[in-house]
file target_0.cif (mmCIF, C-alpha atoms)
data_final
#
loop_
_atom_site.label_atom_id
_atom_site.label_comp_id
_atom_site.auth_asym_id
_atom_site.auth_seq_id
_atom_site.Cartn_x
_atom_site.Cartn_y
_atom_site.Cartn_z
CA LEU A 1 27.82 119.34 60.74
CA GLU A 2 28.03 121.71 57.80
CA SER A 3 30.29 119.22 55.98
CA ASP A 4 27.94 116.29 56.43
CA ALA A 5 26.15 116.72 53.09
CA SER A 6 29.31 116.17 51.03
CA GLN A 7 30.51 113.17 53.04
CA PRO A 8 30.05 109.68 51.56
CA ILE A 9 27.16 107.63 52.91
CA GLU A 10 28.33 104.41 54.56
CA ILE A 11 25.72 101.74 55.19
CA ALA A 12 25.81 98.40 57.00
CA ALA A 13 22.89 95.96 56.72
CA GLU A 14 21.98 92.31 56.23
CA GLN A 15 20.67 92.67 52.70
CA LEU A 16 20.47 95.07 49.77
CA ASP A 17 17.89 94.79 47.01
CA LEU A 18 18.42 96.80 43.84
CA ASP A 19 15.76 97.40 41.22
CA ASP A 20 17.23 99.34 38.36
CA ASN A 21 13.88 99.71 36.59
CA ALA A 22 12.33 101.29 39.67
CA GLY A 23 15.61 103.06 40.49
CA THR A 24 15.54 101.97 44.11
CA ALA A 25 18.05 100.52 46.51
CA VAL A 26 16.52 99.00 49.67
CA TYR A 27 18.67 97.98 52.61
CA THR A 28 17.06 95.68 55.20
CA GLY A 29 18.09 94.06 58.46
CA ASP A 30 19.70 96.13 61.27
CA VAL A 31 20.45 98.98 58.92
CA ASP A 32 23.03 101.46 60.18
CA MET A 33 23.70 104.45 57.95
CA GLN A 34 26.35 107.11 58.55
CA GLN A 35 27.06 110.38 56.72
CA GLY A 36 29.56 112.54 58.53
CA SER A 37 28.07 113.29 61.96
CA MET A 38 24.61 112.05 60.93
CA GLN A 39 23.64 108.53 61.86
CA LEU A 40 20.44 106.69 61.02
CA THR A 41 19.36 103.28 62.31
CA ALA A 42 16.28 101.40 61.12
CA ALA A 43 14.92 98.02 60.08
CA ARG A 44 14.56 99.10 56.45
CA VAL A 45 16.10 101.97 54.47
CA GLU A 46 15.16 102.95 50.92
CA ILE A 47 17.59 105.12 48.98
CA GLU A 48 16.56 107.15 45.97
CA ARG A 49 19.09 108.82 43.73
CA ASP A 50 18.69 111.75 41.36
CA ALA A 51 19.70 111.86 37.71
CA GLN A 52 23.29 112.71 38.65
CA GLY A 53 23.46 109.62 40.84
CA GLU A 54 23.45 111.66 44.02
CA VAL A 55 21.42 110.35 46.98
CA SER A 56 18.29 112.52 47.04
CA THR A 57 16.01 110.86 49.60
CA VAL A 58 16.54 108.32 52.37
CA THR A 59 13.37 106.77 53.84
CA ALA A 60 13.84 104.73 57.01
CA HIS A 61 11.19 102.51 58.60
CA GLY A 62 11.28 101.13 62.11
CA GLY A 63 10.48 97.49 62.76
CA GLY A 64 10.33 94.85 65.43
CA GLY A 65 8.77 97.29 67.86
CA GLU A 66 11.53 99.85 67.38
CA ARG A 67 11.18 103.24 65.70
CA ALA A 68 13.66 104.48 63.17
CA TYR A 69 16.24 106.79 64.77
CA LEU A 70 18.33 109.65 63.43
CA GLU A 71 20.91 111.77 65.16
CA GLN A 72 23.08 114.62 63.90
CA GLN A 73 25.47 117.18 65.40
CA PRO A 74 24.45 120.62 64.13
CA ALA A 75 27.80 122.21 64.99
CA PRO A 76 30.95 121.17 66.85
CA ASP A 77 29.96 123.14 69.95
CA GLU A 78 26.30 122.10 69.96
CA PRO A 79 24.74 118.97 71.46
CA VAL A 80 23.58 116.17 69.15
CA ALA A 81 20.01 116.45 67.92
CA LYS A 82 18.08 113.15 68.16
CA GLY A 83 14.89 112.16 66.37
CA TRP A 84 12.60 109.09 66.34
CA GLY A 85 9.64 108.08 64.23
CA ASP A 86 7.92 105.04 62.81
CA THR A 87 9.15 106.54 59.56
CA VAL A 88 12.04 108.97 59.15
CA ILE A 89 12.61 110.69 55.82
CA TYR A 90 15.85 112.56 55.14
CA HIS A 91 15.81 114.96 52.19
CA ALA A 92 19.49 115.38 51.36
CA ALA A 93 19.33 118.46 49.16
CA GLU A 94 17.10 120.44 51.53
CA ARG A 95 18.84 119.07 54.63
CA ARG A 96 15.36 118.44 56.01
CA VAL A 97 14.16 115.53 58.16
CA GLU A 98 10.58 114.37 58.58
CA LEU A 99 9.69 112.26 61.61
CA ILE A 100 6.32 110.56 60.97
CA ASP A 101 4.08 108.75 63.51
CA ASN A 102 5.22 108.49 67.11
CA ALA A 103 7.53 111.33 66.23
CA GLU A 104 9.92 112.64 68.84
CA LEU A 105 12.74 115.16 68.61
CA HIS A 106 15.32 116.15 71.21
CA GLN A 107 17.11 119.30 70.19
CA ALA A 108 19.51 120.86 72.66
CA ARG A 109 17.40 120.75 75.87
CA ASP A 110 14.03 120.99 74.15
CA THR A 111 11.81 118.05 73.24
CA PHE A 112 8.97 117.81 70.73
CA ASN A 113 6.44 114.99 70.42
CA GLY A 114 3.56 114.52 67.99
CA ALA A 115 2.27 112.69 64.96
CA TYR A 116 4.61 114.62 62.73
CA VAL A 117 7.77 116.60 63.38
CA GLU A 118 9.79 118.35 60.72
CA TYR A 119 13.34 119.47 61.44
CA PHE A 120 15.62 121.61 59.26
CA LEU A 121 19.15 120.50 60.07
CA ASP A 122 21.02 123.64 59.09
CA ARG A 123 18.46 126.18 60.35
CA ARG A 124 17.72 124.13 63.49
CA GLN A 125 14.06 124.98 62.84
CA VAL A 126 11.31 122.62 64.11
CA GLN A 127 7.70 122.27 63.04
CA ALA A 128 5.38 119.81 64.75
CA ARG A 129 1.75 118.88 64.32
CA SER A 130 -0.71 116.35 65.71
CA ALA A 131 -2.47 113.60 63.83
CA ASP A 132 -5.22 114.70 61.39
CA ASP A 133 -7.72 112.34 63.04
CA GLY A 134 -7.15 114.00 66.40
CA ASP A 135 -5.54 110.81 67.70
CA GLY A 136 -5.33 111.64 71.41
CA ASP A 137 -1.90 110.48 72.26
CA GLN A 138 -0.30 112.00 69.09
CA ARG A 139 -1.10 115.59 70.03
CA VAL A 140 1.85 117.96 69.87
CA ARG A 141 3.68 118.25 73.19
CA MET A 142 6.72 120.46 73.59
CA THR A 143 9.08 120.93 76.48
CA LEU A 144 11.11 124.09 76.04
CA THR A 145 13.86 124.67 78.59
CA PRO A 146 14.44 128.36 79.38
CA ARG A 147 17.94 129.36 78.47
CA ASP A 148 18.90 130.81 81.91
CA SER A 149 17.93 127.61 83.72
CA GLU A 150 20.65 125.62 82.01
CA MET B 151 71.42 74.20 -36.79
CA PRO B 152 68.61 73.19 -34.52
CA THR B 153 68.40 75.41 -31.42
CA PHE B 154 69.46 73.62 -28.26
CA LEU B 155 65.86 73.32 -27.15
CA SER B 156 62.86 74.59 -28.94
CA SER B 157 60.84 77.32 -27.31
CA ARG B 158 58.05 74.85 -26.43
CA LYS B 159 60.46 72.71 -24.53
CA TRP B 160 61.75 75.79 -22.61
CA ALA B 161 58.13 76.53 -21.66
CA ARG B 162 57.71 73.03 -20.26
CA VAL B 163 60.95 73.25 -18.27
CA GLY B 164 59.86 76.63 -16.90
CA LEU B 165 56.50 75.25 -15.85
CA LEU B 166 58.20 72.31 -14.16
CA LEU B 167 60.45 74.67 -12.20
CA VAL B 168 57.42 76.71 -11.06
CA LEU B 169 55.65 73.59 -9.85
CA VAL B 170 58.72 72.41 -7.96
CA ALA B 171 59.10 75.86 -6.32
CA LEU B 172 55.43 75.85 -5.36
CA GLY B 173 55.74 72.39 -3.81
CA ILE B 174 58.72 73.46 -1.72
CA GLY B 175 56.89 76.58 -0.59
CA LEU B 176 53.82 74.62 0.52
CA ALA B 177 55.97 72.13 2.37
CA ILE B 178 57.60 74.96 4.30
CA VAL B 179 54.25 76.57 5.15
CA GLU B 180 52.83 73.21 6.18
CA GLN B 181 55.79 72.70 8.50
CA ARG B 182 55.47 76.10 10.19
CA ASP B 183 51.71 75.88 10.66
CA SER B 184 51.61 72.54 12.45
CA SER B 185 51.85 73.92 16.07
CA SER B 186 51.96 70.93 18.27
CA PRO B 187 48.47 70.23 19.75
CA GLY B 188 47.99 71.35 23.40
CA PRO B 189 48.46 68.79 26.14
CA VAL B 190 45.56 66.34 26.34
CA PRO B 191 43.88 67.54 29.55
CA SER B 192 44.12 65.02 32.33
CA ASP B 193 41.00 65.62 34.23
CA ASP B 194 39.14 63.49 36.71
CA ALA B 195 36.20 63.85 34.33
CA GLY B 196 38.08 61.68 31.91
CA GLU B 197 39.34 61.96 28.38
CA PRO B 198 37.86 64.65 26.14
CA ASP B 199 36.22 63.60 22.93
CA TYR B 200 37.04 66.94 21.29
CA TYR B 201 38.72 70.22 21.94
CA LEU B 202 38.61 73.47 20.00
CA GLU B 203 40.97 76.41 19.94
CA GLY B 204 40.17 80.04 19.26
CA VAL B 205 36.46 79.43 19.70
CA THR B 206 33.39 81.64 19.39
CA MET B 207 30.27 79.66 20.30
CA THR B 208 26.86 81.31 19.79
CA ARG B 209 23.60 79.88 21.13
CA PHE B 210 20.15 80.75 19.83
CA ASN B 211 16.85 80.75 21.68
CA ALA B 212 13.63 79.15 20.45
CA GLN B 213 12.88 82.26 18.38
CA GLY B 214 16.22 81.95 16.63
CA ILE B 215 17.67 85.01 18.36
CA PRO B 216 21.30 84.74 19.52
CA HIS B 217 21.15 85.08 23.30
CA GLN B 218 24.53 83.82 24.44
CA THR B 219 28.01 83.96 22.92
CA LEU B 220 31.05 82.31 24.49
CA LYS B 221 34.59 83.05 23.37
CA SER B 222 37.58 81.09 24.60
CA PRO B 223 41.12 80.42 23.42
CA ARG B 224 40.64 76.75 24.27
CA LEU B 225 37.55 74.69 24.95
CA VAL B 226 37.39 70.98 25.82
CA HIS B 227 34.37 68.64 26.00
CA THR B 228 34.36 65.49 28.18
CA PRO B 229 31.61 62.99 27.29
CA VAL B 230 31.49 61.25 30.65
CA ASP B 231 29.89 64.30 32.31
CA ASP B 232 28.92 66.19 29.13
CA ILE B 233 30.71 69.31 30.38
CA ILE B 234 32.54 71.84 28.27
CA ARG B 235 35.52 73.41 30.01
CA ALA B 236 36.93 76.66 28.72
CA ASP B 237 40.08 78.68 29.38
CA SER B 238 39.64 82.45 30.03
CA PRO B 239 36.07 82.42 28.76
CA THR B 240 34.23 85.66 27.97
CA ALA B 241 30.52 85.33 27.49
CA LYS B 242 28.04 87.90 26.19
CA VAL B 243 24.46 87.43 27.26
CA ARG B 244 21.41 89.34 26.03
CA ASP B 245 18.47 89.80 28.38
CA GLU B 246 14.80 90.10 27.43
CA ALA B 247 15.10 93.87 27.18
CA GLY B 248 17.97 93.42 24.73
CA ARG B 249 20.58 94.70 27.16
CA LYS B 250 24.00 93.05 26.89
CA TRP B 251 25.74 91.58 29.92
CA ASP B 252 29.38 90.51 29.83
CA ILE B 253 30.54 87.58 31.95
CA SER B 254 34.17 86.48 32.27
CA GLY B 255 36.55 84.51 34.44
CA ASP B 256 39.86 82.67 34.50
CA LYS B 257 38.20 79.29 33.94
CA GLY B 258 34.72 78.37 32.85
CA SER B 259 32.54 75.30 32.50
CA LEU B 260 29.29 74.88 30.63
CA GLY B 261 27.22 72.12 32.13
CA PRO B 262 24.93 69.53 30.55
CA GLN B 263 22.26 71.02 28.21
CA ARG B 264 24.57 74.06 28.23
CA ASP B 265 22.29 75.75 30.74
CA LEU B 266 24.63 76.41 33.69
CA LEU B 267 27.74 78.47 33.04
CA THR B 268 30.25 78.50 35.92
CA LEU B 269 33.09 81.02 36.04
CA THR B 270 35.94 80.43 38.45
CA GLY B 271 38.70 82.90 39.38
CA ASN B 272 38.37 86.67 38.92
CA ALA B 273 34.79 86.21 37.84
CA GLN B 274 33.08 89.36 36.58
CA LEU B 275 29.58 90.34 35.53
CA LEU B 276 29.29 93.64 33.66
CA GLN B 277 26.23 95.58 32.55
CA PRO B 278 27.90 98.30 30.50
CA GLU B 279 24.76 100.29 29.69
CA GLN B 280 24.04 101.14 33.33
CA GLY B 281 27.64 100.89 34.51
CA TRP B 282 27.13 97.91 36.83
CA ARG B 283 30.10 95.67 37.54
CA LEU B 284 30.29 92.71 39.88
CA ASP B 285 33.58 91.14 41.02
CA THR B 286 33.71 87.80 42.81
CA ASP B 287 35.61 84.52 42.84
CA VAL B 288 33.02 82.03 41.57
CA LEU B 289 30.01 83.12 39.53
CA TYR B 290 27.16 80.98 38.18
CA TYR B 291 24.82 81.92 35.37
CA GLN B 292 21.69 79.86 34.58
CA SER B 293 20.51 80.98 31.17
CA SER B 294 17.10 79.27 31.38
CA ASP B 295 15.94 81.75 34.02
CA GLY B 296 18.46 84.55 33.51
CA HIS B 297 19.75 84.11 37.04
CA ALA B 298 23.37 84.93 37.98
CA TRP B 299 24.57 84.25 41.51
CA SER B 300 27.64 83.89 43.65
CA ASP B 301 28.25 82.34 47.07
CA THR B 302 31.68 83.89 47.41
CA GLU B 303 32.33 87.44 48.62
CA ALA B 304 31.04 89.82 45.96
CA VAL B 305 31.58 93.54 45.35
CA LEU B 306 29.03 95.34 43.22
CA ARG B 307 30.02 98.69 41.74
CA GLN B 308 28.18 101.39 39.85
CA HIS B 309 30.16 104.48 39.01
CA GLU B 310 31.66 105.62 42.31
CA GLN B 311 29.37 103.65 44.63
CA ARG B 312 30.17 100.12 45.75
CA VAL B 313 28.52 97.52 47.96
CA ARG B 314 29.94 94.25 49.20
CA GLY B 315 28.12 91.16 50.47
CA ASN B 316 28.71 87.49 51.22
CA ARG B 317 26.28 86.40 48.52
CA PHE B 318 25.05 87.94 45.27
CA ASP B 319 22.04 87.32 43.04
CA ALA B 320 20.93 89.02 39.85
CA TRP B 321 17.90 88.41 37.66
CA ILE B 322 18.96 90.00 34.43
CA ASP B 323 15.56 89.96 32.69
CA THR B 324 13.95 92.03 35.43
CA ASP B 325 17.13 94.07 36.09
CA GLN B 326 17.09 93.26 39.80
CA ALA B 327 20.00 92.37 42.04
CA ARG B 328 20.48 91.41 45.68
CA LEU B 329 23.44 91.31 48.02
CA SER B 330 23.08 89.54 51.33
CA GLY B 331 25.17 88.76 54.39
CA ASP B 332 27.31 91.45 56.06
CA VAL B 333 26.35 94.05 53.46
CA ARG B 334 28.50 97.21 53.45
CA GLY B 335 27.55 100.09 51.11
CA HIS B 336 29.68 103.10 50.19
CA HIS B 337 27.79 105.86 48.39
CA PRO B 338 29.94 108.94 47.82
CA GLN B 339 28.14 112.18 47.19
CA PRO B 340 29.45 113.88 44.04
CA ALA B 341 31.51 116.91 45.10
CA GLU B 342 29.66 120.25 45.10
CA ASP B 343 31.23 121.41 41.79
CA GLU B 344 30.39 118.18 40.00
CA SER B 345 26.69 118.13 40.76
#
call {"tool": "encode", "arguments": {"input": "target_0.cif", "output": "structure tokens"}}
result
Amino acid sequence: LESDASQPIEIAAEQLDLDDNAGTAVYTGDVDMQQGSMQLTAARVEIERDAQGEVSTVTAHGGGGERAYLEQQPAPDEPVAKGWGDTVIYHAAERRVELIDNAELHQARDTFNGAYVEYFLDRRQVQARSADDGDGDQRVRMTLTPRDSE
Amino acid sequence: MPTFLSSRKWARVGLLLVLVALGIGLAIVEQRDSSSPGPVPSDDAGEPDYYLEGVTMTRFNAQGIPHQTLKSPRLVHTPVDDIIRADSPTAKVRDEAGRKWDISGDKGSLGPQRDLLTLTGNAQLLQPEQGWRLDTDVLYYQSSDGHAWSDTEAVLRQHEQRVRGNRFDAWIDTDQARLSGDVRGHHPQPAEDES
């Protein structure tokens, strides 16, 4: 939702490691992060903050055979957008999400698969690309559902 | 007609009166100052061999640099276990980077070789420079390796953000901390106008 960005981030996990010299906060173990309508689950989540102490980047890694997962409701009357990737990076200021490796995005009734999918939360814009090394099964595949068939 | 007393004699009488007045004054002061000593602590660790009141204790490292200061209104040492017990202790600790950490609690004990400091009741660890504050019930600090830890529920705060966990560890020389067990983080985003 539009208000998500100003909501506090609530996180549940098994462990938090803080390194003030490196400026990082790393949550591990069944990490479940919530910010307004956005939810992120992963095995490991690294949080970086900017000079004002605001969360600037959240990097989530899957683990134990599970990909990291992010969902968010773009607007009250729109279906939840869902994204998966071995790595999911949320850029708070730009409201941009990167799904990296085994990337998959379900937005409304459309789906996108590939090595890399980029999704702009507010503009609902999607960019997808395959792996650089031409890795067969990470080619971009899209399923776009015509509007009148809904 | 000889004067009743010569002036020299008056001087001696005057001096005598001053001395007597001074003696009385000191006696009064002595009386007021002797606050009765605190109760001898009955403690399963046994009788203390000394206690101190209004104490500031500073410890120096091998290079002669003060690295730990402990203040307490009342501190008691018991020889049988070589433990110093302190009321409302506040300790200041300096890490290798020269940053100061403040440690406090309702009660404190400094173990043998003065290496392990234990704070019990409203224990707090503060790192003022970066705004870190930890609240827990029982906090340990081992000065030999700069390790502070707690096995009781701990809440770590920095500015508006806070995180709780069942256990807490901090390594002050490397400025690293860990919370583990049912960790819950709350990271508010500064409001639009503040950022």
call {"tool": "interface_residues", "arguments": {"input": "target_0.cif", "of": "chain A", "to": "chain B", "cutoff": "7 Å", "atoms": "only C-alpha atoms", "output": "short mmCIF file (atom, residue, chain, number, x, y, z; two decimals) with C-alpha atoms, in the frame of the given file"}}
result
data_model
loop_
_atom_site.label_atom_id
_atom_site.label_comp_id
_atom_site.auth_asym_id
_atom_site.auth_seq_id
_atom_site.Cartn_x
_atom_site.Cartn_y
_atom_site.Cartn_z
CA SER A 6 29.31 116.17 51.03
CA GLN A 7 30.51 113.17 53.04
CA PRO A 8 30.05 109.68 51.56
CA ILE A 9 27.16 107.63 52.91
CA GLU A 10 28.33 104.41 54.56
CA ILE A 11 25.72 101.74 55.19
CA ALA A 12 25.81 98.40 57.00
CA ALA A 13 22.89 95.96 56.72
CA GLU A 14 21.98 92.31 56.23
CA GLN A 15 20.67 92.67 52.70
CA LEU A 16 20.47 95.07 49.77
CA ASP A 17 17.89 94.79 47.01
CA LEU A 18 18.42 96.80 43.84
CA ASP A 19 15.76 97.40 41.22
CA ASP A 20 17.23 99.34 38.36
CA ASN A 21 13.88 99.71 36.59
CA GLN A 52 23.29 112.71 38.65
CA GLU A 54 23.45 111.66 44.02
CA VAL A 55 21.42 110.35 46.98
#
call {"tool": "atom_distance", "arguments": {"input": "target_0.cif", "atom1": "atom CA of Ile322 of chain B", "atom2": "atom CA of Asp32 of chain A"}}
result
28.5 Å
call {"tool": "residues_around", "arguments": {"input": "target_0.cif", "residues": "segment 86-91 of chain A", "least_positions_apart": "6", "cutoff": "9 Å", "atoms": "only C-alpha atoms", "output": "JSON, numbers by chain"}}
result
{"A": [40, 42, 55, 56, 57, 58, 59, 60, 61, 62, 63, 66, 67, 68, 69, 70, 97, 98, 99, 100, 101, 102, 103]}
call {"tool": "resolve_selection", "arguments": {"input": "target_0.cif", "expression": "the PyMOL selection byres ((chain B and resi 200) around 10)", "output": "PDB file with C-alpha atoms, in the coordinates of the input"}}
result
ATOM      1  CA  VAL B 190      45.560  66.340  26.340  1.00  0.00           C
ATOM      2  CA  GLU B 197      39.340  61.960  28.380  1.00  0.00           C
ATOM      3  CA  PRO B 198      37.860  64.650  26.140  1.00  0.00           C
ATOM      4  CA  ASP B 199      36.220  63.600  22.930  1.00  0.00           C
ATOM      5  CA  TYR B 201      38.720  70.220  21.940  1.00  0.00           C
ATOM      6  CA  LEU B 202      38.610  73.470  20.000  1.00  0.00           C
ATOM      7  CA  LEU B 225      37.550  74.690  24.950  1.00  0.00           C
ATOM      8  CA  VAL B 226      37.390  70.980  25.820  1.00  0.00           C
ATOM      9  CA  HIS B 227      34.370  68.640  26.000  1.00  0.00           C
ATOM     10  CA  THR B 228      34.360  65.490  28.180  1.00  0.00           C
ATOM     11  CA  PRO B 229      31.610  62.990  27.290  1.00  0.00           C
ATOM     12  CA  ILE B 234      32.540  71.840  28.270  1.00  0.00           C
TER      13      ILE B 234
END
call {"tool": "resolve_selection", "arguments": {"input": "target_0.cif", "expression": "the PyMOL selection byres ((chain B and resi 255) around 9)", "output": "list in words"}}
result
Asp237, Ser238, Pro239, Thr240, Ile253, Ser254, Asp256, Lys257, Gly258, Thr268, Leu269, Thr270, Gly271, Asn272, Ala273, Gln274, Asp287, Val288 and Leu289 of chain B
call {"tool": "resolve_selection", "arguments": {"input": "target_0.cif", "expression": "the PyMOL selection byres ((chain B and resi 223) around 6)", "output": "NGL selection string"}}
result
:B and (203-204 or 222 or 224)
call {"tool": "residues_near_point", "arguments": {"input": "target_0.cif", "point": "(16.9, 93.5, 27.8)", "cutoff": "9 Å", "atoms": "all atoms listed in the file", "output": "ChimeraX atom specification"}}
result
/B:244-250,322-325
call {"tool": "atom_distance", "arguments": {"input": "target_0.cif", "atom1": "atom CA of Gln35 of chain A", "atom2": "atom CA of Arg95 of chain A"}}
result
12.1 Å
call {"tool": "residues_near_point", "arguments": {"input": "target_0.cif", "point": "(7.7, 117.7, 62.2)", "cutoff": "6 Å", "atoms": "all atoms listed in the file", "output": "PDB file with C-alpha atoms, in the frame of the given file"}}
result
ATOM      1  CA  GLU A  98      10.580 114.370  58.580  1.00  0.00           C
ATOM      2  CA  LEU A  99       9.690 112.260  61.610  1.00  0.00           C
ATOM      3  CA  TYR A 116       4.610 114.620  62.730  1.00  0.00           C
ATOM      4  CA  VAL A 117       7.770 116.600  63.380  1.00  0.00           C
ATOM      5  CA  GLU A 118       9.790 118.350  60.720  1.00  0.00           C
ATOM      6  CA  TYR A 119      13.340 119.470  61.440  1.00  0.00           C
ATOM      7  CA  GLN A 127       7.700 122.270  63.040  1.00  0.00           C
ATOM      8  CA  ALA A 128       5.380 119.810  64.750  1.00  0.00           C
TER       9      ALA A 128
END
call {"tool": "atom_distance", "arguments": {"input": "target_0.cif", "atom1": "atom CA of Arg44 of chain A", "atom2": "atom CA of Trp84 of chain A"}}
result
14.2 Å
call {"tool": "axis_aligned_box", "arguments": {"input": "target_0.cif", "around": "segment 297-314 of chain B", "padding_each_side": "5 Å", "output": "JSON"}}
result
{"center_x": 26.0, "center_y": 94.0, "center_z": 43.1, "size_x": 22.6, "size_y": 33.3, "size_z": 22.2}
